Amino acid sequence: MATVYNWVISQMDEVPQDGSLLDVVITVHWRRNATTEVNGIIYFTDTWGFMHCTTPSPTDFTAYPDLTFEQVCGWLDAGLDVSALDANLDSQLANLINPPIVSLPLPWVPTPTPPTPDTSGTSGTSGTDGTSGTSGI
């Protein structure tokens with residue numbers, strides 16, 4: 001599977017009025033995520049940030065309620081270094097797939113052995129006098 005990159009818009013900050021324009025977006029809070037699959041295992045990572053927006057002119061302004069996800073993603077594509085973001089995400093994915101640092105068990109600490117199942121055919125506990133370990137109450 002090829003790596004898939006996606007934008008997530010977390011929040012947009014706006015000023016109520018800028019000249020004759022109302023609810024003008026001044027900041028877009030974003031996340032960029034990347035997902036890939038290797039040998040049936042899905043790996044995911046993301047990065048986040050914010051981008052300040054330039055004040056639009058009245059001729060290219062879109063009213064806040066009319067903004068679309070695709071339009072805001074277009075702002076991010078135009079205003080951020082997306083290839084650098086994706087290269088960083090690729091590096092994070094590579095480190096998840098092939099970790100550069102691993103933690104091995106301490107060599108002087110014995111490895112615990114898992115308990116073996118009771119195959120004697122008996123279950124429960126018995127008292128020292130041969131009676132069942134349960135109370136007759």
# chains A, B, ... in the order shown; residues from 1 in each chain; ligands from 1

call {"tool": "residues_around", "arguments": {"residues": "range 54-64 of chain A", "least_positions_apart": "6", "cutoff": "8 Å", "atoms": "only C-alpha atoms", "output": "PyMOL selection string"}}
result
chain A and resi 20-26

call {"tool": "select_by_dssp", "arguments": {"residues": "chain A", "states": "strand (DSSP E)", "output": "ChimeraX atom specification"}}
result
/A:4-18,21-38,41-52

call {"tool": "select_by_dssp", "arguments": {"residues": "chain A", "states": "alpha helix (DSSP H)", "output": "number ranges by chain"}}
result
A: 69-79, 82-97

call {"tool": "atom_distance", "arguments": {"atom1": "CA of Ile42 in chain A", "atom2": "CA of Asp86 in chain A"}}
result
17.3 Å

call {"tool": "residues_around", "arguments": {"residues": "Ala2 in chain A", "least_positions_apart": "5", "cutoff": "10 Å", "atoms": "only C-alpha atoms", "output": "list in words"}}
result
Thr35, Thr36, Glu37 and Val38 of chain A

call {"tool": "closest_residue", "arguments": {"among": "A:Leu96, A:Gln71, A:Val82, A:Asp77", "to": "Thr45 in chain A", "atoms": "only C-alpha atoms"}}
result
A:Leu96

call {"tool": "closest_residue", "arguments": {"among": "A:Gly40, A:His29, A:Val15, A:Val8", "to": "Ile97 in chain A", "atoms": "only C-alpha atoms"}}
result
A:Gly40

call {"tool": "residues_around", "arguments": {"residues": "Tyr5 in chain A", "least_positions_apart": "3", "cutoff": "7 Å", "atoms": "only C-alpha atoms", "output": "ChimeraX atom specification"}}
result
/A:32-35

call {"tool": "closest_residue", "arguments": {"among": "A:Asn39, A:Asn98, A:Thr68, A:Thr119", "to": "Ile9 in chain A", "atoms": "only C-alpha atoms"}}
result
A:Thr68

call {"tool": "atom_distance", "arguments": {"atom1": "CA of Trp48 in chain A", "atom2": "CA of Leu80 in chain A"}}
result
11.8 Å

call {"tool": "closest_residue", "arguments": {"among": "A:Cys53, A:Ile101, A:Val109, A:Leu93", "to": "Met12 in chain A", "atoms": "only C-alpha atoms"}}
result
A:Cys53
